[in-house]
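Worksheet: one structure, shown below.
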Amino acid sequence: MRNTLATKLLFELSQPGRRGGLMPACDVPEHSVDELLPGACVAAEPPPLPELAEPDVIRHYANLSQQNMSVDTHTYPLGSCTMKYNPKRNERFAALPGMANVHPYQPDESLQGMLQLLYEVQQILAEIGGLDAVSLQPAAGAQGELTALLVAAAYYRDTNQTSRRKVLIPDSAHGTNPASAAMAGFDTVTVKSTPKGYVDMDDFRSKLDETVAVFMITNPNTLGMFDRLIKEIADAVHDAGGLIYLDGANMNAILGITRPGDFGADMMHYNPHKTFSGPHGGGGPGAGPIAVRSKLEPYLPSPVVVKEGDEYRLAFDRPKSIGRVRSFFGNTGVLVRAYSYIRTHGPDGLKRVSENAVLNANYLLSRVKHIFPVPQGDRCMHEFVASASSLKSEKGITAMDIGKRLLDFGFHAPTVYFPPIVKEALMVEPTETESKASLDSLAETLFRITEEDAEFLHEAPHSTLISRPDEVKAARDPVLSWQPGTQA
Amino acid sequence: MPYVLNTPQDQADMLAAIGVSSVEELFEMVPAELRLDRALDIPAAMSEMELTAHMQALSGRTRNADDTVCFLGGGSYDHFIPAVVDYVSGRGEFYTSYTPYQAEASQGNLQAFFEYQTLITQLTGMDVSNASLYDGGSSASEAVLMCIGATRRSGKVVIPACVHPEYRQIVETFLTNLNVQVEVLETPEGLVQPDQLASILDDTTACVLFQQPNFFGGVQDMKELVEITHKAGALAVVAVDPISLGLLTPPGSYDADIVVAEGQSLGSPMAFGGPYLGIMACKEDFVRRMPGRLAGQTVDRRGKRCWALTLQTREQHIRRERATSNICTNQGLFALRASVYLAQMGPQGLRDVANLSLQKSRYAAEQISANERFSLAFDTPTFKEFVVRDAAGEVESLIKHALSQGYFAGVPLGQWYPDMADCFLVCVTEKRTKAEIEGLATCLAQAPANAAAVR
Ligand SMILES: Cc1ncc(COP(=O)(O)O)c(C=O)c1O
């Protein structure tokens with residue numbers, strides 16, 4: 001059934017003379033290009049793009065799409081990524097003309113519906129986070145982290161505390177945390193975790209001093225555990241004059257249950273493309289709105305949306321602002337989808353989301369803990385991390401083998417080898433939009449795989465379009481674009 | 001709860017299997033004193049039908065390029081989007097998938113990214129493209145960081161005033177804590193003057209961030225500017241409008257080191273500023289400093305050609321604080337949109353879009369400046385944008401008037417350039433018709449003005 005002709009590269013499908021998009025004739029008096037532009041600036045030929053007709057393009061991409069697993073088609077228990085169902089109404093709303101065809105430099109008076117929506121998103125995200133002020137500008141979680149750290153740096157500069165150079169980050173943290181801290185110009189200091197992923201309090205205390213600017217913490221943490229000592233940690237950081245940053249990638253576990261601001265966070269980001277159902281788009285887009293306490297509000301990027309009487313406007317006149325981290329307002333289209341999702345649920349609905357996400361994860365955990373050791377124990381929040389390390393030592397079966405073999409059974413693999421503190425980690429996040437039946441099937445499949453022959457598993461997957469790619473070759477002599485004259 | 005599948009019976013069965021009596025018990029880990037003891041104070045739930053009405057009302061209170069003739073540009077453009085783009089990016093197998101970490105289950109995305117990278121190198125004439133960054137502005141700032149690393153020069157970076165002012169603001173934000181200065185090269189004539197460029201560069205300059213066409217629409221020979229930059233030992237970053245490359249010489253031909261672009265004009269809606277597409281392409285030498293994901297060609301165990309993410313040791317999930325960037329989630333779906341757009345347009349289609357934009361924009365410049373109240377601020381060749389000076393100096397009321405007549409007339413420039421408070425930037429894409437252009441010119445000519453101010 002595979003159409004291998006249509007999935008040749010665009011460049012291999014190209015036929016000189018084929019045309020897809022045709023433009024109308026020019027309806028204004030036309031000059032020769034050389035009259036209008038300096039000769040040195042004009043290319044003799046248009047760029048050497050492929051030449052295709054519209055049916056070529058559609059058949060090519062329709063066939064390529066079928067080579068992907070996706071949330072619409074498969075269970076996708078990818079830990080930390082919250083691969084929940086992406087509601088179709090969100091897409092329809094984002095395509096409305098007053099959402100999609102709006103230019104970012106329109107006058108405020110022409111933007112009242114859009115600004116109202118964004119203003120409400122600011123309010124809602126402040127409330128869910130238990131914080132005071134929101135910037136919708138960051139384009140993804142990582143950019144939210146960076147933005148908040150730049151806000152913290154501006155706050156310290158403004159209050160003459162520039163000796164605060166350190167950012168504490170647990171060894172279980174996502175890689176974006178230390179990378180963001182480095183980009184913001186801070187020195188990173190790693191804090192150890194206990195086997196359950198909690199902050200190692202002795203190590204933490206030994207590293208906390210008056211040079212600490214920010215402690216970046218993920219709670220629930222990357223093992224899917226809520227750190228009970230969070231308030232104690234936050235109080236200690238605050239007593240030392242530092243700030244707490246909450247990596248909000250795991251908000252799907254705690255909506256309406258507990259709020260970062262209430263457990264001590266001063267700043268946080270959301271990943272609306274996880275928690276609030278923005279589709280992941282094969283890698284993006286996302287958005288990374290941040291929420292902060294009021295003392296940090298003056299430093300947020302500009303503009304923010306303000307309401308005066310019944311009018312909404314973009315406020316740029318914010319002298320202490322860090323400036324900008326991206327052009328225009330932000331990833332508005334993702335925020336429109338998040339708004340649609342939140343308004344679909346309301347306060348009770350969001351709480352039910354978290355309850356069911358946690359229920360599904362615990363149920364799955366109860367079904368797989370007999371198969372794989374789960375170092376964190378019997379309970380989790382919205383995700384858990386199982387370890388294949390005993391399978392590896394006994395039979396040579398790795399986490400990667402298991403992930404790959406799951407593909408054969410129509411399940412996307414869990415996140416493997418993350419967080420770094422668990423050996424042979426399989427990080428499983430079912431989300432609330434999977435059924436008991438699909439979780440049962442996933443658990444049974446995992447069990448079945450552990451009974452399989454190790455050699456057979458090393459060769460998995462067996463039924464996908466390709467077998468395992470040679471990644472060493474890909475990195476050793478990188479081929480990053482198609483070259484004319486090369487053959488399939 | 002439209003998206004949860006668990007029935008009350010399922011929940012009871014699952015709780016029993018777990019060995020707890022209530023969902024509440026599952027949250028024991030969260031200390032009671034940290035719990036929210038009330039409902040979230042957010043608006044109540046709405047059915048799909050109610051929400052549809054609400055969203056339509058919000059949309060209805062937002063003017064847009066469907067109901068108002070759009071002459072706005074400055075990095076976000078009302079270009080035509082062929083239906084094929086929406087069809088492909090609307091396929092759930094694309095838009096509901098994740099980053100292709102599991103190559104065997106993501107060949108569609110990986111091949112699409114490999115094709116995107118190739119298309120961008122064809123467009124720019126550069127060696128390598130990544131698989132996307134967030135937007136044009138953050139691509140520019142990432143490029144500047146690459147240059148600081150590659151040259152080991154951390155004194156300053158130079159940005160001409162005719163580069164998008166928001167790009168400059170972003171670079172400034174990124175560099176504040178890294179102790180690298182941003183030096184602005186004034187461009188009173190609307191273009192970079194080679195001798196002034198030469199005199200501002202020194203041996204601590206990491207790079208110059210150029211833009212072609214620049215923020216004012218101006219086009220100039222880039223070769224000399226890049227040579228001057230290289231002579232000073234600095235690198236040349238060039239921000240381009242990808243549509244312009246249907247006509248203009250590719251930056252690879254004038255030896256640019258890194259090319260960045262806002263890719264929105266390649267088939268993505270304006271959507272009030274995002275999500276867009278950060279394009280970045282560079283010379284081979286810099287590939288290991290590049291931020292973001294790269295799809296590479298390889299073979300599988302049976303020797304079959306396939307694709308996988310590669311050179312990941314640059315990235316945050318491997319290298320943590322020593323990564324080339326913190327970027328994780330990128331703009332994959334918008335890279336896909338750009339690819340479909342370019343595949344559909346092809347070389348001739350892209351040239352046609354560029355030429356129509358050029359011709360129509362020239363016509364609009366002539367029509368608007370035919371009235372004595374208006375003149376072109378710069379005497380330079382331009383591509384699809386140009387700066388109009390209002391002798392009455394009443395840009396704000398002019399824009400308001402035009403809006404009341406159904407036009408987004410232009411972007412006022414005083415917000416970024418205090419000495420250009422009497423100027424606005426007009427953009428004309430291939431979508432604007434002769435009648436719309438003449439309509440705008442007439443509307444501006446008839447706008448009320450404080451007569452005394454008109455010379
Ligand atoms: C725990 C955690 N933190 C931060 C991030 C970064 O967010 P983004 O990918 O939106 O930049 C992720 C996303 O993968 C994550 O899982």
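Numbering starts fresh at 1 for the residues of each chain in the structure tokens, the chains themselves are lettered A, B, ... in the order given, and ligands are numbered from 1 as they appear.
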- Message: I'd like the neighbourhood of Gly274 in chain B as a ChimeraX atom specification, where a residue qualifies if any of its atoms comes within 7 Å (using only C-alpha atoms), though same-chain residues fewer than 3 positions away should be ignored.
- Response: /A:330-333 /B:270-271
Suppose we keep N, CA and C atoms; can you now write the selection as a PDB file, in the first residue's frame?
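Once written, out-v3.pdb looks like this:
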```pdb
ATOM      1  N   GLY A 330       3.802  37.722  20.561  1.00  0.00           N
ATOM      2  CA  GLY A 330       4.053  36.388  21.128  1.00  0.00           C
ATOM      3  C   GLY A 330       3.432  35.349  20.229  1.00  0.00           C
ATOM      4  N   ASN A 331       3.426  34.084  20.660  1.00  0.00           N
ATOM      5  CA  ASN A 331       2.819  33.034  19.846  1.00  0.00           C
ATOM      6  C   ASN A 331       1.308  33.004  20.065  1.00  0.00           C
ATOM      7  N   THR A 332       0.681  34.089  19.611  1.00  0.00           N
ATOM      8  CA  THR A 332      -0.740  34.324  19.866  1.00  0.00           C
ATOM      9  C   THR A 332      -1.620  33.139  19.483  1.00  0.00           C
ATOM     10  N   GLY A 333      -1.347  32.545  18.322  1.00  0.00           N
ATOM     11  CA  GLY A 333      -2.187  31.443  17.852  1.00  0.00           C
ATOM     12  C   GLY A 333      -2.230  30.289  18.849  1.00  0.00           C
TER      13      GLY A 333
ATOM     14  N   MET B 270      -0.829  35.932   9.635  1.00  0.00           N
ATOM     15  CA  MET B 270      -0.206  36.979  10.457  1.00  0.00           C
ATOM     16  C   MET B 270      -0.509  36.773  11.934  1.00  0.00           C
ATOM     17  N   ALA B 271      -1.710  36.254  12.235  1.00  0.00           N
ATOM     18  CA  ALA B 271      -2.063  35.789  13.581  1.00  0.00           C
ATOM     19  C   ALA B 271      -1.559  36.682  14.717  1.00  0.00           C
TER      20      ALA B 271
END
```
Protein and nucleic residues near ligand 1, 10 Å, only C-alpha atoms and all ligand atoms, as a short mmCIF file (atom, residue, chain, number, x, y, z; two decimals) with N, CA and C atoms, in the first residue's frame:
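Below you can see out_31.cif, which holds the result:
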```
data_model
loop_
_atom_site.label_atom_id
_atom_site.label_comp_id
_atom_site.auth_asym_id
_atom_site.auth_seq_id
_atom_site.Cartn_x
_atom_site.Cartn_y
_atom_site.Cartn_z
N LEU A 78 4.44 9.89 26.02
CA LEU A 78 5.78 10.47 26.04
C LEU A 78 5.93 11.37 27.26
N GLY A 79 6.69 10.87 28.25
CA GLY A 79 6.81 11.59 29.52
C GLY A 79 7.34 12.99 29.35
N SER A 80 6.83 13.91 30.15
CA SER A 80 7.22 15.31 30.19
C SER A 80 6.62 16.13 29.05
N CYS A 81 6.01 15.45 28.08
CA CYS A 81 5.53 16.18 26.90
C CYS A 81 4.03 16.38 26.87
N THR A 82 3.31 15.69 27.77
CA THR A 82 1.85 15.85 27.90
C THR A 82 1.17 15.80 26.53
N PRO A 138 7.01 35.11 25.59
CA PRO A 138 7.94 34.02 25.25
C PRO A 138 7.31 32.98 24.31
N ALA A 139 8.14 32.46 23.40
CA ALA A 139 7.65 31.60 22.32
C ALA A 139 7.59 30.13 22.69
N ALA A 140 8.21 29.74 23.80
CA ALA A 140 8.18 28.34 24.23
C ALA A 140 8.63 28.31 25.68
N GLY A 141 8.52 27.12 26.29
CA GLY A 141 8.90 27.00 27.68
C GLY A 141 10.33 27.47 27.92
N ALA A 142 11.24 27.06 27.06
CA ALA A 142 12.64 27.42 27.25
C ALA A 142 12.82 28.94 27.19
N GLN A 143 12.11 29.58 26.27
CA GLN A 143 12.24 31.03 26.20
C GLN A 143 11.59 31.70 27.42
N GLY A 144 10.56 31.05 27.98
CA GLY A 144 9.97 31.54 29.22
C GLY A 144 10.99 31.50 30.35
N GLU A 145 11.73 30.39 30.42
CA GLU A 145 12.77 30.27 31.45
C GLU A 145 13.78 31.40 31.31
N LEU A 146 14.26 31.58 30.10
CA LEU A 146 15.28 32.60 29.85
C LEU A 146 14.73 33.98 30.20
N SER A 172 17.98 16.51 38.32
CA SER A 172 16.87 15.86 37.62
C SER A 172 16.17 16.81 36.65
N ALA A 173 16.65 18.06 36.56
CA ALA A 173 15.93 19.07 35.76
C ALA A 173 16.07 18.81 34.28
N HIS A 174 15.13 19.34 33.54
CA HIS A 174 15.17 19.32 32.09
C HIS A 174 16.37 20.13 31.61
N GLY A 175 16.95 19.73 30.47
CA GLY A 175 18.15 20.39 29.96
C GLY A 175 17.98 21.87 29.66
N THR A 176 16.75 22.28 29.38
CA THR A 176 16.55 23.70 29.10
C THR A 176 16.87 24.57 30.31
N ASN A 177 16.68 24.04 31.53
CA ASN A 177 16.92 24.87 32.72
C ASN A 177 18.37 25.36 32.79
N SER A 180 19.19 27.66 29.80
CA SER A 180 18.62 29.01 29.93
C SER A 180 19.42 29.85 30.91
N ILE A 217 13.16 25.12 40.05
CA ILE A 217 12.69 23.82 40.50
C ILE A 217 11.51 23.37 39.65
N THR A 218 11.41 22.08 39.44
CA THR A 218 10.30 21.50 38.69
C THR A 218 9.46 20.73 39.70
N ASN A 219 8.21 21.13 39.86
CA ASN A 219 7.35 20.49 40.86
C ASN A 219 5.92 20.47 40.36
N PRO A 220 5.29 19.30 40.19
CA PRO A 220 5.86 17.99 40.36
C PRO A 220 7.16 17.85 39.55
N ASN A 221 8.10 17.07 40.12
CA ASN A 221 9.41 16.97 39.49
C ASN A 221 9.40 16.04 38.29
N THR A 222 10.55 15.86 37.68
CA THR A 222 10.59 15.09 36.43
C THR A 222 10.40 13.58 36.68
N LEU A 223 10.32 13.16 37.95
CA LEU A 223 9.93 11.78 38.23
C LEU A 223 8.43 11.68 38.48
N LEU A 246 9.66 28.27 39.04
CA LEU A 246 8.99 26.99 38.89
C LEU A 246 8.89 26.65 37.41
N ASP A 247 9.51 25.55 37.01
CA ASP A 247 9.35 25.02 35.66
C ASP A 247 7.97 24.39 35.60
N GLY A 248 7.08 25.02 34.86
CA GLY A 248 5.67 24.63 34.86
C GLY A 248 5.30 23.56 33.85
N ALA A 249 6.29 22.83 33.35
CA ALA A 249 5.99 21.81 32.35
C ALA A 249 5.03 20.75 32.88
N ASN A 250 4.97 20.62 34.21
CA ASN A 250 4.15 19.56 34.78
C ASN A 250 2.86 20.08 35.41
N MET A 251 2.40 21.21 34.95
CA MET A 251 1.17 21.78 35.51
C MET A 251 -0.04 20.89 35.30
N HIS A 269 6.97 29.40 34.26
CA HIS A 269 6.43 29.41 32.90
C HIS A 269 5.37 28.33 32.78
N TYR A 270 4.52 28.53 31.81
CA TYR A 270 3.58 27.49 31.39
C TYR A 270 4.04 26.96 30.04
N ASN A 271 3.67 25.71 29.76
CA ASN A 271 3.81 25.17 28.40
C ASN A 271 2.39 24.92 27.90
N PRO A 272 1.75 25.93 27.31
CA PRO A 272 0.36 25.75 26.86
C PRO A 272 0.23 24.65 25.82
N HIS A 273 1.33 24.36 25.13
CA HIS A 273 1.30 23.28 24.14
C HIS A 273 1.31 21.92 24.83
N LYS A 274 1.53 21.89 26.12
CA LYS A 274 1.37 20.64 26.87
C LYS A 274 0.06 20.73 27.65
N HIS A 280 1.48 19.86 19.26
CA HIS A 280 2.94 19.97 19.26
C HIS A 280 3.54 20.16 17.86
N GLY A 283 7.09 19.20 16.70
CA GLY A 283 8.26 19.84 17.34
C GLY A 283 7.96 21.26 17.75
N GLY A 284 6.92 21.84 17.28
CA GLY A 284 6.52 23.17 17.64
C GLY A 284 5.46 23.64 16.67
N PRO A 285 4.83 24.75 16.89
CA PRO A 285 5.12 25.77 17.89
C PRO A 285 4.56 25.45 19.27
N GLY A 286 5.12 26.16 20.24
CA GLY A 286 4.57 26.20 21.57
C GLY A 286 4.34 27.64 21.95
N ALA A 287 4.26 27.86 23.25
CA ALA A 287 4.30 29.22 23.79
C ALA A 287 4.88 29.06 25.19
N GLY A 288 5.37 30.13 25.76
CA GLY A 288 6.00 30.00 27.09
C GLY A 288 5.66 31.15 28.00
N PRO A 289 4.35 31.46 28.17
CA PRO A 289 3.99 32.59 29.02
C PRO A 289 4.58 32.43 30.42
N PHE A 418 15.60 9.78 30.20
CA PHE A 418 15.38 11.04 30.90
C PHE A 418 14.36 10.76 31.98
N PRO A 419 14.46 11.31 33.18
CA PRO A 419 15.55 12.16 33.65
C PRO A 419 16.86 11.40 33.86
N THR B 99 8.12 16.13 18.46
CA THR B 99 9.49 16.14 17.95
C THR B 99 9.92 14.73 17.57
N GLN B 316 20.47 21.21 24.23
CA GLN B 316 20.31 21.29 25.68
C GLN B 316 20.05 19.94 26.35
N HIS B 317 19.36 19.03 25.66
CA HIS B 317 19.03 17.78 26.34
C HIS B 317 20.25 16.90 26.53
N ASN B 326 19.30 27.26 24.41
CA ASN B 326 18.34 26.55 25.27
C ASN B 326 17.14 26.03 24.49
N ILE B 327 17.09 26.27 23.18
CA ILE B 327 15.85 25.96 22.45
C ILE B 327 15.54 24.46 22.47
N CYS B 328 14.27 24.15 22.69
CA CYS B 328 13.80 22.75 22.67
C CYS B 328 12.64 22.73 21.67
N THR B 329 11.41 23.02 22.13
CA THR B 329 10.30 23.19 21.20
C THR B 329 10.68 24.24 20.17
N ASN B 330 10.48 23.93 18.87
CA ASN B 330 10.80 24.92 17.83
C ASN B 330 9.52 25.30 17.11
#
```
- Message: Among range 201-382 of chain B, which ones does DSSP assign to strand (DSSP E) (computed from the backbone)? Answer as a PyMOL selection string.
- Response: chain B and resi 205-212+235-240+258-262+278-282+295-299+305-309+374-376
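CA of Ile169 in chain A is found 23.2 Å from CA of Val134 in chain A.
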- Message: Considering only C-alpha atoms, can you say which of B:Val340, B:Val287, B:Leu403, B:Met126 comes closest to Ile58 in chain A?
- Response: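 When distances to Ile58 in chain A are compared using only C-alpha atoms, the smallest one comes from B:Val340.
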- Item | Shell around Arg168 in chain B at 9 Å using only C-alpha atoms, local window under 6 positions removed, as a ChimeraX atom specification | /B:137,140-141,159-161,182,184,209
Store the residues of this selection in a file with all heavy atoms, as a PDB file, in the first residue's frame.
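Output saved as selection30.pdb:
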```pdb
ATOM      1  N   GLY B 137      13.252  37.562  14.915  1.00  0.00           N
ATOM      2  CA  GLY B 137      13.994  38.318  15.927  1.00  0.00           C
ATOM      3  C   GLY B 137      14.847  37.432  16.809  1.00  0.00           C
ATOM      4  O   GLY B 137      16.017  37.737  17.079  1.00  0.00           O
ATOM      5  N   ALA B 140      17.803  36.221  14.911  1.00  0.00           N
ATOM      6  CA  ALA B 140      18.856  37.235  14.813  1.00  0.00           C
ATOM      7  C   ALA B 140      19.702  37.240  16.086  1.00  0.00           C
ATOM      8  O   ALA B 140      20.934  37.294  16.037  1.00  0.00           O
ATOM      9  CB  ALA B 140      18.238  38.609  14.566  1.00  0.00           C
ATOM     10  N   SER B 141      19.046  37.166  17.235  1.00  0.00           N
ATOM     11  CA  SER B 141      19.822  37.221  18.473  1.00  0.00           C
ATOM     12  C   SER B 141      20.643  35.947  18.663  1.00  0.00           C
ATOM     13  O   SER B 141      21.774  35.992  19.146  1.00  0.00           O
ATOM     14  CB  SER B 141      18.911  37.484  19.673  1.00  0.00           C
ATOM     15  OG  SER B 141      17.962  36.465  19.773  1.00  0.00           O
ATOM     16  N   ILE B 159      24.775  47.130  14.890  1.00  0.00           N
ATOM     17  CA  ILE B 159      23.480  46.977  14.227  1.00  0.00           C
ATOM     18  C   ILE B 159      23.092  48.321  13.602  1.00  0.00           C
ATOM     19  O   ILE B 159      22.922  49.309  14.307  1.00  0.00           O
ATOM     20  CB  ILE B 159      22.382  46.525  15.221  1.00  0.00           C
ATOM     21  CG1 ILE B 159      22.823  45.257  15.960  1.00  0.00           C
ATOM     22  CG2 ILE B 159      21.063  46.299  14.481  1.00  0.00           C
ATOM     23  CD1 ILE B 159      21.781  44.686  16.898  1.00  0.00           C
ATOM     24  N   PRO B 160      22.991  48.364  12.271  1.00  0.00           N
ATOM     25  CA  PRO B 160      22.560  49.605  11.634  1.00  0.00           C
ATOM     26  C   PRO B 160      21.143  49.982  12.067  1.00  0.00           C
ATOM     27  O   PRO B 160      20.312  49.113  12.350  1.00  0.00           O
ATOM     28  CB  PRO B 160      22.595  49.261  10.135  1.00  0.00           C
ATOM     29  CG  PRO B 160      23.519  48.091  10.020  1.00  0.00           C
ATOM     30  CD  PRO B 160      23.343  47.318  11.293  1.00  0.00           C
ATOM     31  N   ALA B 161      20.873  51.286  12.095  1.00  0.00           N
ATOM     32  CA  ALA B 161      19.557  51.768  12.528  1.00  0.00           C
ATOM     33  C   ALA B 161      18.449  51.317  11.583  1.00  0.00           C
ATOM     34  O   ALA B 161      17.285  51.263  11.972  1.00  0.00           O
ATOM     35  CB  ALA B 161      19.574  53.287  12.620  1.00  0.00           C
ATOM     36  N   VAL B 182      25.918  46.760  22.289  1.00  0.00           N
ATOM     37  CA  VAL B 182      25.289  46.884  20.977  1.00  0.00           C
ATOM     38  C   VAL B 182      25.527  48.312  20.518  1.00  0.00           C
ATOM     39  O   VAL B 182      25.148  49.264  21.193  1.00  0.00           O
ATOM     40  CB  VAL B 182      23.771  46.615  21.050  1.00  0.00           C
ATOM     41  CG1 VAL B 182      23.124  46.880  19.690  1.00  0.00           C
ATOM     42  CG2 VAL B 182      23.512  45.189  21.507  1.00  0.00           C
ATOM     43  N   VAL B 184      24.859  51.129  17.649  1.00  0.00           N
ATOM     44  CA  VAL B 184      23.965  51.411  16.524  1.00  0.00           C
ATOM     45  C   VAL B 184      24.703  52.258  15.495  1.00  0.00           C
ATOM     46  O   VAL B 184      25.317  53.273  15.832  1.00  0.00           O
ATOM     47  CB  VAL B 184      22.703  52.140  17.016  1.00  0.00           C
ATOM     48  CG1 VAL B 184      21.806  52.492  15.827  1.00  0.00           C
ATOM     49  CG2 VAL B 184      21.953  51.270  18.008  1.00  0.00           C
ATOM     50  N   LEU B 209      24.938  42.978  12.210  1.00  0.00           N
ATOM     51  CA  LEU B 209      23.639  42.424  11.832  1.00  0.00           C
ATOM     52  C   LEU B 209      23.029  43.339  10.776  1.00  0.00           C
ATOM     53  O   LEU B 209      22.597  44.449  11.081  1.00  0.00           O
ATOM     54  CB  LEU B 209      22.726  42.326  13.066  1.00  0.00           C
ATOM     55  CG  LEU B 209      21.252  41.976  12.824  1.00  0.00           C
ATOM     56  CD1 LEU B 209      21.092  40.629  12.127  1.00  0.00           C
ATOM     57  CD2 LEU B 209      20.477  41.981  14.148  1.00  0.00           C
TER      58      LEU B 209
END
```
- Between B:Tyr167, B:Ser47, B:Asp10, B:Ser404, which is the closest to Val260 in chain B once you count only C-alpha atoms?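 Using only C-alpha atoms, Val260 in chain B sits closest to B:Tyr167.
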- Option closest in space to Ser14 in chain A, from A:Ala53, A:Leu335, A:Leu406, A:Leu439 [counting only C-alpha atoms]: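 The shortest atom-to-atom distance to Ser14 in chain A comes from A:Ala53.
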